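A.B. asks: Next comes query.txt, compact mmCIF, C-alpha atoms and all ligand atoms:
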# COMPACT_ATOMS: atom_id res chain seq x y z
CA MET A 112 -2.25 16.39 -14.72
CA SER A 113 -5.12 14.39 -16.09
CA SER A 114 -6.86 11.36 -14.75
CA VAL A 115 -5.51 8.21 -16.37
CA LEU A 116 -7.82 5.87 -14.47
CA LYS A 117 -11.35 6.50 -13.31
CA VAL A 118 -13.10 3.75 -11.38
CA ASP A 119 -16.78 4.64 -11.25
CA ASN A 120 -19.09 2.90 -8.78
CA ILE A 121 -17.98 -0.64 -9.56
CA GLU A 122 -19.37 -3.79 -8.03
CA LYS A 123 -18.15 -7.33 -8.39
CA TYR A 124 -20.01 -10.45 -7.31
CA TYR A 125 -18.71 -13.98 -7.54
CA GLY A 126 -20.76 -17.15 -7.60
CA SER A 127 -24.32 -18.00 -8.50
CA LYS A 128 -27.52 -16.35 -7.29
CA ALA A 129 -27.89 -18.83 -4.45
CA ASN A 130 -24.39 -18.25 -3.18
CA LEU A 131 -23.17 -14.76 -4.00
CA THR A 132 -19.93 -13.28 -2.70
CA LYS A 133 -19.73 -9.51 -2.91
CA ALA A 134 -16.03 -8.93 -3.50
CA ILE A 135 -16.31 -5.23 -4.48
CA ASP A 136 -19.03 -3.08 -3.01
CA ARG A 137 -19.41 0.17 -4.96
CA ILE A 138 -15.96 1.60 -5.27
CA SER A 139 -15.07 4.88 -6.96
CA PHE A 140 -11.74 6.68 -7.23
CA GLU A 141 -9.55 8.46 -9.74
CA VAL A 142 -5.84 8.18 -10.39
CA GLU A 143 -3.72 10.92 -11.94
CA GLU A 144 -1.13 10.21 -14.57
CA GLY A 145 2.15 9.07 -12.99
CA GLU A 146 0.68 8.49 -9.53
CA TYR A 147 1.79 5.57 -7.40
CA ILE A 148 -1.26 4.13 -5.65
CA GLY A 149 -0.86 1.58 -2.87
CA ILE A 150 -3.88 -0.62 -2.25
CA MET A 151 -3.99 -2.07 1.25
CA GLY A 152 -6.43 -4.18 3.18
CA ALA A 153 -6.78 -7.43 5.06
CA SER A 154 -6.84 -10.72 3.21
CA GLY A 155 -10.16 -11.14 1.43
CA SER A 156 -10.95 -7.40 1.37
CA GLY A 157 -11.07 -7.35 -2.45
CA LYS A 158 -7.64 -6.01 -3.42
CA THR A 159 -6.87 -8.65 -6.04
CA THR A 160 -10.41 -8.45 -7.39
CA LEU A 161 -10.08 -4.68 -7.80
CA LEU A 162 -6.77 -5.09 -9.61
CA ASN A 163 -8.19 -7.85 -11.80
CA CYS A 164 -11.16 -5.67 -12.76
CA ILE A 165 -8.83 -2.84 -13.75
CA SER A 166 -6.69 -5.25 -15.76
CA THR A 167 -9.79 -6.79 -17.42
CA ILE A 168 -8.84 -10.25 -16.13
CA ASP A 169 -12.17 -10.08 -14.30
CA GLN A 170 -15.42 -8.52 -15.50
CA VAL A 171 -17.16 -6.05 -13.22
CA THR A 172 -20.78 -6.84 -12.30
CA ALA A 173 -21.72 -3.15 -12.43
CA GLY A 174 -20.07 0.23 -12.94
CA ASN A 175 -17.44 1.52 -15.33
CA ILE A 176 -13.67 1.71 -15.47
CA MET A 177 -12.23 4.39 -17.74
CA ILE A 178 -8.58 4.23 -18.77
CA ASN A 179 -7.37 7.22 -20.77
CA GLY A 180 -10.99 8.09 -21.44
CA MET A 181 -11.96 4.63 -22.73
CA ASP A 182 -14.46 2.42 -20.92
CA ILE A 183 -12.52 -0.83 -20.67
CA THR A 184 -15.45 -2.79 -19.24
CA LYS A 185 -16.96 -2.68 -22.74
CA LEU A 186 -13.89 -3.98 -24.60
CA LYS A 187 -14.11 -7.30 -26.40
CA GLY A 188 -12.10 -9.60 -28.68
CA LYS A 189 -9.08 -8.15 -30.38
CA HIS A 190 -9.65 -4.68 -28.92
CA LEU A 191 -9.42 -6.20 -25.47
CA SER A 192 -6.22 -8.14 -26.17
CA ARG A 193 -4.69 -5.11 -27.79
CA PHE A 194 -5.60 -2.93 -24.82
CA ARG A 195 -4.01 -5.39 -22.40
CA ARG A 196 -0.85 -5.67 -24.47
CA GLU A 197 -0.36 -1.97 -25.15
CA GLU A 198 -1.71 -0.17 -22.10
CA LEU A 199 -0.98 -2.50 -19.19
CA GLY A 200 2.07 -4.01 -17.55
CA PHE A 201 1.87 -6.68 -14.86
CA ILE A 202 4.26 -7.76 -12.15
CA PHE A 203 3.12 -10.85 -10.29
CA GLN A 204 4.26 -12.30 -7.01
CA ASP A 205 5.58 -15.51 -8.58
CA PHE A 206 7.35 -13.72 -11.49
CA ASN A 207 5.46 -15.80 -14.12
CA LEU A 208 8.47 -16.03 -16.40
CA LEU A 209 8.30 -18.65 -19.14
CA ASP A 210 10.80 -21.40 -18.29
CA THR A 211 11.55 -22.29 -21.90
CA LEU A 212 12.54 -18.74 -22.84
CA THR A 213 15.68 -16.82 -21.98
CA ALA A 214 15.46 -13.56 -20.04
CA PHE A 215 15.80 -11.66 -23.32
CA GLU A 216 12.99 -13.65 -24.93
CA ASN A 217 10.77 -13.27 -21.87
CA ILE A 218 11.21 -9.50 -21.91
CA ALA A 219 10.79 -9.28 -25.70
CA LEU A 220 7.72 -11.51 -25.98
CA ALA A 221 5.01 -8.82 -26.00
CA LEU A 222 7.00 -6.65 -28.42
CA THR A 223 7.34 -9.63 -30.75
CA ILE A 224 3.56 -10.14 -30.65
CA MET A 225 3.12 -6.42 -31.40
CA LYS A 226 5.24 -7.03 -34.53
CA ILE A 227 7.80 -4.42 -33.58
CA PRO A 228 10.92 -4.68 -35.82
CA ALA A 229 13.63 -6.97 -34.40
CA ARG A 230 16.20 -4.18 -34.36
CA GLU A 231 13.99 -1.97 -32.20
CA ILE A 232 13.14 -4.86 -29.89
CA GLU A 233 16.85 -5.51 -29.40
CA ASP A 234 17.46 -1.84 -28.54
CA ARG A 235 14.55 -1.56 -26.15
CA VAL A 236 15.29 -4.78 -24.30
CA ARG A 237 18.99 -3.95 -23.96
CA SER A 238 18.33 -0.42 -22.77
CA ILE A 239 15.91 -1.56 -20.05
CA ALA A 240 18.18 -4.48 -19.08
CA GLU A 241 21.00 -2.01 -18.58
CA LYS A 242 18.91 0.22 -16.33
CA LEU A 243 17.77 -2.75 -14.26
CA MET A 244 21.27 -4.22 -14.20
CA ILE A 245 20.39 -7.56 -15.77
CA THR A 246 22.40 -7.34 -19.00
CA GLU A 247 24.53 -10.28 -17.94
CA VAL A 248 21.54 -12.61 -17.53
CA LEU A 249 19.79 -11.84 -20.83
CA ASN A 250 20.87 -15.17 -22.32
CA LYS A 251 20.05 -17.20 -19.24
CA TYR A 252 16.93 -19.24 -18.54
CA PRO A 253 14.85 -18.60 -15.41
CA TYR A 254 16.27 -21.68 -13.62
CA GLN A 255 19.75 -20.19 -14.02
CA MET A 256 18.82 -16.91 -12.30
CA SER A 257 18.53 -15.81 -8.67
CA GLY A 258 15.22 -14.64 -7.21
CA GLY A 259 16.30 -11.01 -7.48
CA GLN A 260 17.34 -11.39 -11.11
CA LYS A 261 14.03 -13.07 -11.98
CA GLN A 262 12.15 -10.25 -10.29
CA ARG A 263 14.13 -7.67 -12.29
CA VAL A 264 13.46 -9.56 -15.51
CA ALA A 265 9.76 -9.57 -14.61
CA CYS A 266 9.97 -5.78 -14.05
CA ALA A 267 11.73 -5.30 -17.38
CA ARG A 268 9.09 -7.37 -19.15
CA ALA A 269 6.32 -5.33 -17.56
CA ILE A 270 7.69 -1.97 -18.67
CA VAL A 271 9.26 -2.75 -22.04
CA GLY A 272 5.95 -2.17 -23.84
CA LYS A 273 5.72 1.33 -22.26
CA PRO A 274 2.40 0.66 -20.54
CA SER A 275 0.37 3.57 -19.24
CA ILE A 276 -0.54 1.59 -16.12
CA LEU A 277 1.62 -0.88 -14.21
CA LEU A 278 -0.30 -3.30 -12.04
CA MET A 279 1.39 -5.19 -9.24
CA ASP A 280 -0.21 -7.68 -6.86
CA GLU A 281 1.98 -8.16 -3.78
CA PRO A 282 5.08 -8.44 -5.97
CA LEU A 283 7.53 -8.56 -3.08
CA SER A 284 5.71 -10.68 -0.54
CA ALA A 285 7.53 -13.90 -1.42
CA LEU A 286 11.00 -12.34 -1.16
CA ASP A 287 13.34 -12.41 1.83
CA ALA A 288 13.84 -9.20 3.80
CA GLU A 289 17.05 -8.07 2.12
CA LEU A 290 15.81 -8.69 -1.40
CA LYS A 291 12.57 -6.93 -0.53
CA ILE A 292 14.42 -3.73 0.33
CA SER A 293 16.53 -3.81 -2.83
CA MET A 294 13.47 -4.57 -5.00
CA ARG A 295 11.65 -1.63 -3.44
CA ARG A 296 14.38 0.55 -4.86
CA VAL A 297 14.12 -1.13 -8.25
CA ILE A 298 10.38 -0.47 -8.34
CA GLN A 299 10.93 3.16 -7.31
CA ASP A 300 13.53 3.46 -10.10
CA VAL A 301 11.07 1.93 -12.55
CA HIS A 302 8.47 4.49 -11.48
CA ARG A 303 10.89 7.34 -11.95
CA MET A 304 12.26 6.01 -15.25
CA THR A 305 8.95 5.31 -16.93
CA GLY A 306 6.66 7.87 -15.29
CA ALA A 307 4.04 5.09 -15.47
CA THR A 308 1.02 5.12 -13.23
CA ILE A 309 1.40 2.33 -10.70
CA ILE A 310 -1.34 0.44 -8.90
CA TYR A 311 0.36 -1.60 -6.24
CA VAL A 312 -1.37 -4.10 -3.96
CA THR A 313 0.40 -4.88 -0.71
CA HIS A 314 -0.43 -5.92 2.82
CA ASP A 315 2.92 -4.57 4.01
CA GLN A 316 2.31 -1.29 5.85
CA SER A 317 5.84 0.02 5.61
CA GLU A 318 5.94 -0.73 1.89
CA ALA A 319 2.80 1.29 1.26
CA LEU A 320 3.83 4.19 3.50
CA ALA A 321 7.30 4.35 2.00
CA MET A 322 6.46 4.05 -1.66
CA ALA A 323 2.95 5.23 -2.48
CA ASP A 324 1.84 8.77 -3.37
CA ARG A 325 -1.60 7.81 -2.12
CA ILE A 326 -2.88 4.82 -0.20
CA LEU A 327 -6.29 3.29 -0.67
CA ILE A 328 -7.39 1.20 2.28
CA MET A 329 -10.00 -1.46 1.62
CA LYS A 330 -12.29 -3.25 4.02
CA ASN A 331 -14.98 -5.75 3.05
CA GLY A 332 -14.93 -4.69 -0.58
CA LYS A 333 -15.33 -0.99 0.23
CA ILE A 334 -12.88 1.89 0.42
CA GLU A 335 -12.23 2.77 4.04
CA GLN A 336 -9.99 5.77 3.33
CA VAL A 337 -7.96 7.22 0.46
CA GLY A 338 -5.16 9.67 1.14
CA THR A 339 -1.46 10.40 1.12
CA PRO A 340 0.58 8.36 3.59
CA GLU A 341 0.81 11.45 5.84
CA GLU A 342 -2.92 12.08 5.71
CA ILE A 343 -3.71 8.53 6.70
CA TYR A 344 -1.01 8.38 9.35
CA LEU A 345 -1.81 11.73 10.96
CA HIS A 346 -5.51 12.10 10.14
CA PRO A 347 -7.04 8.66 9.93
CA GLN A 348 -10.79 8.70 9.33
CA THR A 349 -11.60 5.46 11.13
CA GLU A 350 -10.12 3.16 13.76
CA PHE A 351 -9.52 0.56 11.08
CA ALA A 352 -7.56 2.99 8.87
CA ALA A 353 -5.61 4.27 11.88
CA SER A 354 -4.43 0.86 12.99
CA PHE A 355 -4.00 -0.59 9.52
CA VAL A 356 -1.09 1.63 8.45
CA SER A 357 0.74 1.62 11.75
CA LYS A 358 0.49 1.18 15.50
CA CYS A 359 -2.11 3.46 17.09
CA ASN A 360 -3.29 3.97 20.69
CA PHE A 361 -6.98 4.68 21.16
CA VAL A 362 -7.43 6.75 24.30
CA ARG A 363 -10.93 6.53 25.77
CA GLY A 364 -12.68 9.60 27.12
CA GLN A 365 -15.38 12.16 26.47
CA TRP A 366 -15.47 14.57 23.57
CA ASN A 367 -16.84 18.05 23.93
CA ASP A 368 -16.39 19.93 20.64
CA SER A 369 -12.65 20.02 20.18
CA TYR A 370 -11.86 19.14 23.81
CA PHE A 371 -11.28 15.67 25.07
CA LYS A 372 -11.53 14.66 28.70
CA VAL A 373 -9.69 11.55 29.82
CA MET A 374 -10.58 9.27 32.71
CA ASP A 375 -13.06 11.73 34.23
CA GLN A 376 -10.23 14.04 35.18
CA SER A 377 -10.09 17.68 34.33
CA LEU A 378 -7.33 16.79 31.98
CA ILE A 379 -8.18 18.46 28.71
CA TYR A 380 -6.57 18.16 25.33
CA ASP A 381 -7.04 20.85 22.79
CA GLY A 382 -6.64 18.29 20.07
CA PRO A 383 -5.93 18.52 16.36
CA GLU A 384 -8.65 17.72 13.89
CA VAL A 385 -9.95 14.33 14.84
CA ALA A 386 -12.37 12.52 12.53
CA GLN A 387 -16.02 12.25 13.55
CA ALA A 388 -15.87 8.44 13.73
CA PHE A 389 -13.51 8.71 16.73
CA LYS A 390 -15.63 11.37 18.41
CA ASN A 391 -18.71 9.16 18.04
CA HIS A 392 -16.88 6.36 19.83
CA GLY A 393 -15.33 8.58 22.52
CA LEU A 394 -11.82 7.90 21.27
CA PHE A 395 -8.69 9.90 20.59
CA PRO A 396 -6.09 8.30 18.28
CA VAL A 397 -2.49 8.77 19.41
CA ARG A 398 0.55 7.43 17.56
CA PRO A 399 3.25 5.94 19.80
CA GLU A 400 5.63 8.87 19.24
CA GLN A 401 2.90 11.44 19.97
CA PHE A 402 2.84 10.47 23.63
CA HIS A 403 5.53 11.82 25.93
CA ILE A 404 6.32 10.25 29.25
CA VAL A 405 6.90 12.59 32.19
CA LYS A 406 7.61 11.79 35.82
CA GLU A 407 5.21 14.31 37.27
CA GLY A 408 2.89 17.16 36.38
CA LYS A 409 -0.18 17.08 34.19
CA GLY A 410 -0.92 14.01 32.14
CA ILE A 411 -2.73 10.69 32.04
CA PRO A 412 -1.50 8.53 34.92
CA ALA A 413 0.04 5.27 33.74
CA THR A 414 2.32 2.48 34.92
CA VAL A 415 5.26 1.31 32.86
CA THR A 416 4.91 -2.43 32.23
CA ASN A 417 7.56 -3.13 29.65
CA ARG A 418 10.61 -1.53 28.09
CA GLN A 419 12.38 -2.55 24.89
CA TYR A 420 15.55 -0.86 23.75
CA SER A 421 15.76 -0.55 19.98
CA GLY A 422 18.82 1.64 19.40
CA ARG A 423 17.35 4.92 18.24
CA GLU A 424 14.42 4.84 20.64
CA ILE A 425 12.87 2.89 23.46
CA HIS A 426 9.52 1.20 23.10
CA TYR A 427 7.44 1.30 26.28
CA SER A 428 4.23 -0.48 27.16
CA LEU A 429 2.16 1.30 29.78
CA LYS A 430 -0.92 0.24 31.63
CA CYS A 431 -3.50 2.99 31.88
CA GLY A 432 -6.74 1.90 33.50
CA GLU A 433 -7.99 -1.01 31.41
CA ASP A 434 -5.86 -0.09 28.43
CA THR A 435 -2.30 -0.79 27.43
CA PHE A 436 -0.59 1.92 25.41
CA THR A 437 2.57 1.85 23.35
CA VAL A 438 4.95 4.80 23.46
CA TYR A 439 8.16 5.33 21.49
CA ALA A 440 10.48 7.60 23.43
CA GLY A 441 14.00 8.90 22.96
CA SER A 442 16.66 7.06 24.92
CA ARG A 443 17.77 10.07 27.00
CA GLU A 444 15.27 9.61 29.79
CA GLN A 445 14.57 6.10 30.84
CA TYR A 446 11.76 4.59 32.86
CA GLU A 447 11.67 1.26 34.61
CA PRO A 448 8.86 -1.30 34.61
CA GLY A 449 6.67 -0.62 37.65
CA GLU A 450 7.29 3.14 37.57
CA GLN A 451 4.28 5.48 37.89
CA VAL A 452 4.39 8.15 35.18
CA LYS A 453 2.17 10.57 33.26
CA LEU A 454 1.44 10.56 29.53
CA VAL A 455 1.27 13.87 27.70
CA TYR A 456 -0.02 14.25 24.16
CA GLN A 457 2.01 16.28 21.67
CA ALA A 458 0.88 16.45 18.04
CA SER A 459 3.62 15.47 15.59
P1 LIG B 1 -7.64 -9.94 -1.37
O1 LIG B 1 -6.83 -9.88 -2.61
O2 LIG B 1 -7.83 -8.61 -0.72
O3 LIG B 1 -7.13 -10.95 -0.40
P2 LIG B 1 -9.71 -11.02 -3.10
O4 LIG B 1 -9.98 -9.92 -4.07
O5 LIG B 1 -8.87 -12.14 -3.58
O6 LIG B 1 -9.12 -10.41 -1.76
O7 LIG B 1 -11.10 -11.63 -2.62
C1 LIG B 1 -12.20 -10.85 -2.22
C2 LIG B 1 -13.39 -11.76 -1.93
O8 LIG B 1 -13.85 -12.37 -3.12
C3 LIG B 1 -13.07 -12.88 -0.97
O9 LIG B 1 -14.20 -13.11 -0.17
C4 LIG B 1 -12.81 -14.06 -1.89
O10 LIG B 1 -13.10 -15.27 -1.24
C5 LIG B 1 -13.78 -13.79 -3.03
N1 LIG B 1 -13.28 -14.31 -4.32
C6 LIG B 1 -12.15 -13.91 -4.95
N2 LIG B 1 -12.02 -14.56 -6.13
C7 LIG B 1 -13.08 -15.38 -6.24
C8 LIG B 1 -13.51 -16.33 -7.22
N3 LIG B 1 -12.84 -16.52 -8.36
N4 LIG B 1 -14.67 -17.00 -6.97
C9 LIG B 1 -15.37 -16.79 -5.86
N5 LIG B 1 -15.03 -15.93 -4.88
C10 LIG B 1 -13.89 -15.23 -5.06
MG MG B 2 -4.99 -10.82 -3.11
For the file at hand, write its structure as structure tokens.

C.D. replies:
Amino acid sequence: MSSVLKVDNIEKYYGSKANLTKAIDRISFEVEEGEYIGIMGASGSGKTTLLNCISTIDQVTAGNIMINGMDITKLKGKHLSRFRREELGFIFQDFNLLDTLTAFENIALALTIMKIPAREIEDRVRSIAEKLMITEVLNKYPYQMSGGQKQRVACARAIVGKPSILLMDEPLSALDAELKISMRRVIQDVHRMTGATIIYVTHDQSEALAMADRILIMKNGKIEQVGTPEEIYLHPQTEFAASFVSKCNFVRGQWNDSYFKVMDQSLIYDGPEVAQAFKNHGLFPVRPEQFHIVKEGKGIPATVTNRQYSGREIHYSLKCGEDTFTVYAGSREQYEPGEQVKLVYQAS
């Protein structure tokens, strides 16, 4: 494995000296060939800016971006256009298909500009269309296609030039729930088929957890945490990272090395590795399924305030001192609102 993308200490400012916005605040990371990177963060955290810097749509203010060993921040003129055409593929939220061209022509456009022989273009477009199941719409215009077909055509167009990096900025956020799920599969297929490195911006937690090899969480133009979905879910480094990927309870108490005392009781958890940021704030992060509810015995005393049946499990809200915790429990034992119970931590 070699690093296909190396982002080295980049900064990006917008605006004039009097009114500067720092959109990217010294970011560095590397991406291995074939990796699927999910970029997450709140609106305005710099996700699109980061993607635009990698795609050379935007110029960095400082720092370097190496793609296959070449510093793309230095590219100009025809080298730059050639780099974009041959190394990158884009999938945008609004498809960006050209209305006056058929699906075939939309997919073939970049290859035509690259002066690839017509025969080869025909073969490549048809082969990708077959894999993405859009052969029957190749002669149609965008207005004659459904949202899902347009999205597949946009995928085909992005990968037909065999890019080394595929860049996607919230490509599924405008789709309805059902189409979203089926397009997730298409994008996973595209990843498997092409082996391309994918940089995928999303604000959808489940999308990032389900699809990415590694997730990069951004906050205020900085990287908050980079890791595999499991690492971020089970070993978040900050409160922000913990709650950004999924629901998280923050239990308040006192840390003493690896022991955690809750509510001034002698209740002690021999916890897993918990990041220093939590220890500094006297917190212990617990995912909803890591808490178990028991009727009696040791545990943090709590009162059930709400119960929601969801088929496979039951979602409880519990009041515990000042805090309200969320617990996902199996449906075998059930607790009623108002019931006094104990919460026990069990690492997943
Ligand atoms: P995200 O994609 O995470 O929502 P953006 O990268 O679009 O965030 O924006 C990051 C910050 O940079 C925001 O504060 C935004 O207002 C600012 N910004 C983005 N594009 C421009 C621009 N062209 N001119 C000025 N400020 C911009
Ligand atoms: Mg954005």

A.B. asks: To one decimal place, how far is CA of Gly364 (chain A) from CA of Leu394 (chain A) in Å?

C.D. replies: 6.2 Å

A.B. asks: Padding 5 Å on each side, edges along x, y and z: where is the centre of the box around the listed atoms of ligand LIG 1 (chain B), and how long are its edges in Å to one decimal? Output it as lines of an AutoDock Vina configuration file.

C.D. replies:
center_x = -11.1
center_y = -12.8
center_z = -4.3
size_x = 18.5
size_y = 18.4
size_z = 18.2

A.B. asks: From the set A:Ile135, A:Met256, A:Leu243, A:Ala173, which residue has the shortest atom-to-atom contact distance to Arg296 (chain A), counting only C-alpha atoms?

C.D. replies: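 Between A:Ile135, A:Met256, A:Leu243, A:Ala173, the residue approaching Arg296 (chain A) most closely is A:Leu243.
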
A.B. asks: Could you tell me which of A:Lys291, A:Arg418, A:Arg237, A:Arg193 comes closest to Ile224 (chain A) if we count all atoms listed in the file?

C.D. replies: A:Arg193

A.B. asks: What are the nearest atom pairs, with distances in Å to one decimal, for all residues of chain A that come at most 7 Å from ligand LIG 1 (chain B), using all atoms listed in the file, set out by chain and rising residue number as a Markdown table?

C.D. replies:
| residue | atom | partner | partner_atom | distance |
| --- | --- | --- | --- | --- |
| A:Tyr125 | CA | B:LIG1 | C9 | 4.7 |
| A:Gly126 | CA | B:LIG1 | C9 | 5.7 |
| A:Thr132 | CA | B:LIG1 | N5 | 6.0 |
| A:Lys133 | CA | B:LIG1 | O8 | 6.5 |
| A:Ala134 | CA | B:LIG1 | O8 | 4.1 |
| A:Gly152 | CA | B:LIG1 | O2 | 6.1 |
| A:Ala153 | CA | B:LIG1 | O2 | 6.0 |
| A:Ser154 | CA | B:LIG1 | O3 | 3.6 |
| A:Gly155 | CA | B:LIG1 | O6 | 3.4 |
| A:Ser156 | CA | B:LIG1 | O2 | 3.9 |
| A:Gly157 | CA | B:LIG1 | O4 | 3.2 |
| A:Lys158 | CA | B:LIG1 | O2 | 3.8 |
| A:Thr159 | CA | B:LIG1 | O1 | 3.6 |
| A:Thr160 | CA | B:LIG1 | O4 | 3.7 |
| A:Leu161 | CA | B:LIG1 | O4 | 6.4 |
| A:Gly332 | CA | B:LIG1 | C1 | 6.9 |

A.B. asks: Take the selection from the previous step and output its residues with C-alpha atoms, as a compact mmCIF listing (two decimals), in the coordinates of the input.

C.D. replies:
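File written: selection20.txt
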# COMPACT_ATOMS: atom_id res chain seq x y z
CA TYR A 125 -18.71 -13.98 -7.54
CA GLY A 126 -20.76 -17.15 -7.60
CA THR A 132 -19.93 -13.28 -2.70
CA LYS A 133 -19.73 -9.51 -2.91
CA ALA A 134 -16.03 -8.93 -3.50
CA GLY A 152 -6.43 -4.18 3.18
CA ALA A 153 -6.78 -7.43 5.06
CA SER A 154 -6.84 -10.72 3.21
CA GLY A 155 -10.16 -11.14 1.43
CA SER A 156 -10.95 -7.40 1.37
CA GLY A 157 -11.07 -7.35 -2.45
CA LYS A 158 -7.64 -6.01 -3.42
CA THR A 159 -6.87 -8.65 -6.04
CA THR A 160 -10.41 -8.45 -7.39
CA LEU A 161 -10.08 -4.68 -7.80
CA GLY A 332 -14.93 -4.69 -0.58

A.B. asks: Kindly indicate which residue among A:Lys333, A:His190, A:His314, A:Lys117 lies nearest to ligand MG 2 (chain B), using all atoms listed in the file for the distances.

C.D. replies: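 Smallest distance to ligand MG 2 (chain B) is found for A:His314.
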
A.B. asks: Could you list, as an MDAnalysis selection string, every residue within 6 Å of region 264-272 of chain A, counting only C-alpha atoms and ignoring same-chain residues fewer than 6 positions away?

C.D. replies: chainID A and resid 200:201 206 218

A.B. asks: Out of A:Tyr147, A:Phe215, A:Phe203, A:Phe395, which residue has the shortest atom-to-atom distance to ligand MG 2 (chain B) when counting all atoms listed in the file?

C.D. replies: A:Phe203

A.B. asks: Separation of CA of Val452 (chain A) and CA of Ile404 (chain A), in Å?

C.D. replies: 6.6 Å

A.B. asks: Would you compute the distance between CA of Thr305 (chain A) and CA of Asn120 (chain A)? Give it in Å to one decimal.

C.D. replies: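 Rounded to one decimal, the two atoms are 29.3 Å apart.
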
A.B. asks: Please determine, counting all atoms listed in the file, which residue among A:Gln262, A:Ser284, A:Asn175, A:Ser275 has the shortest atom-to-atom distance to ligand MG 2 (chain B).

C.D. replies: A:Ser284
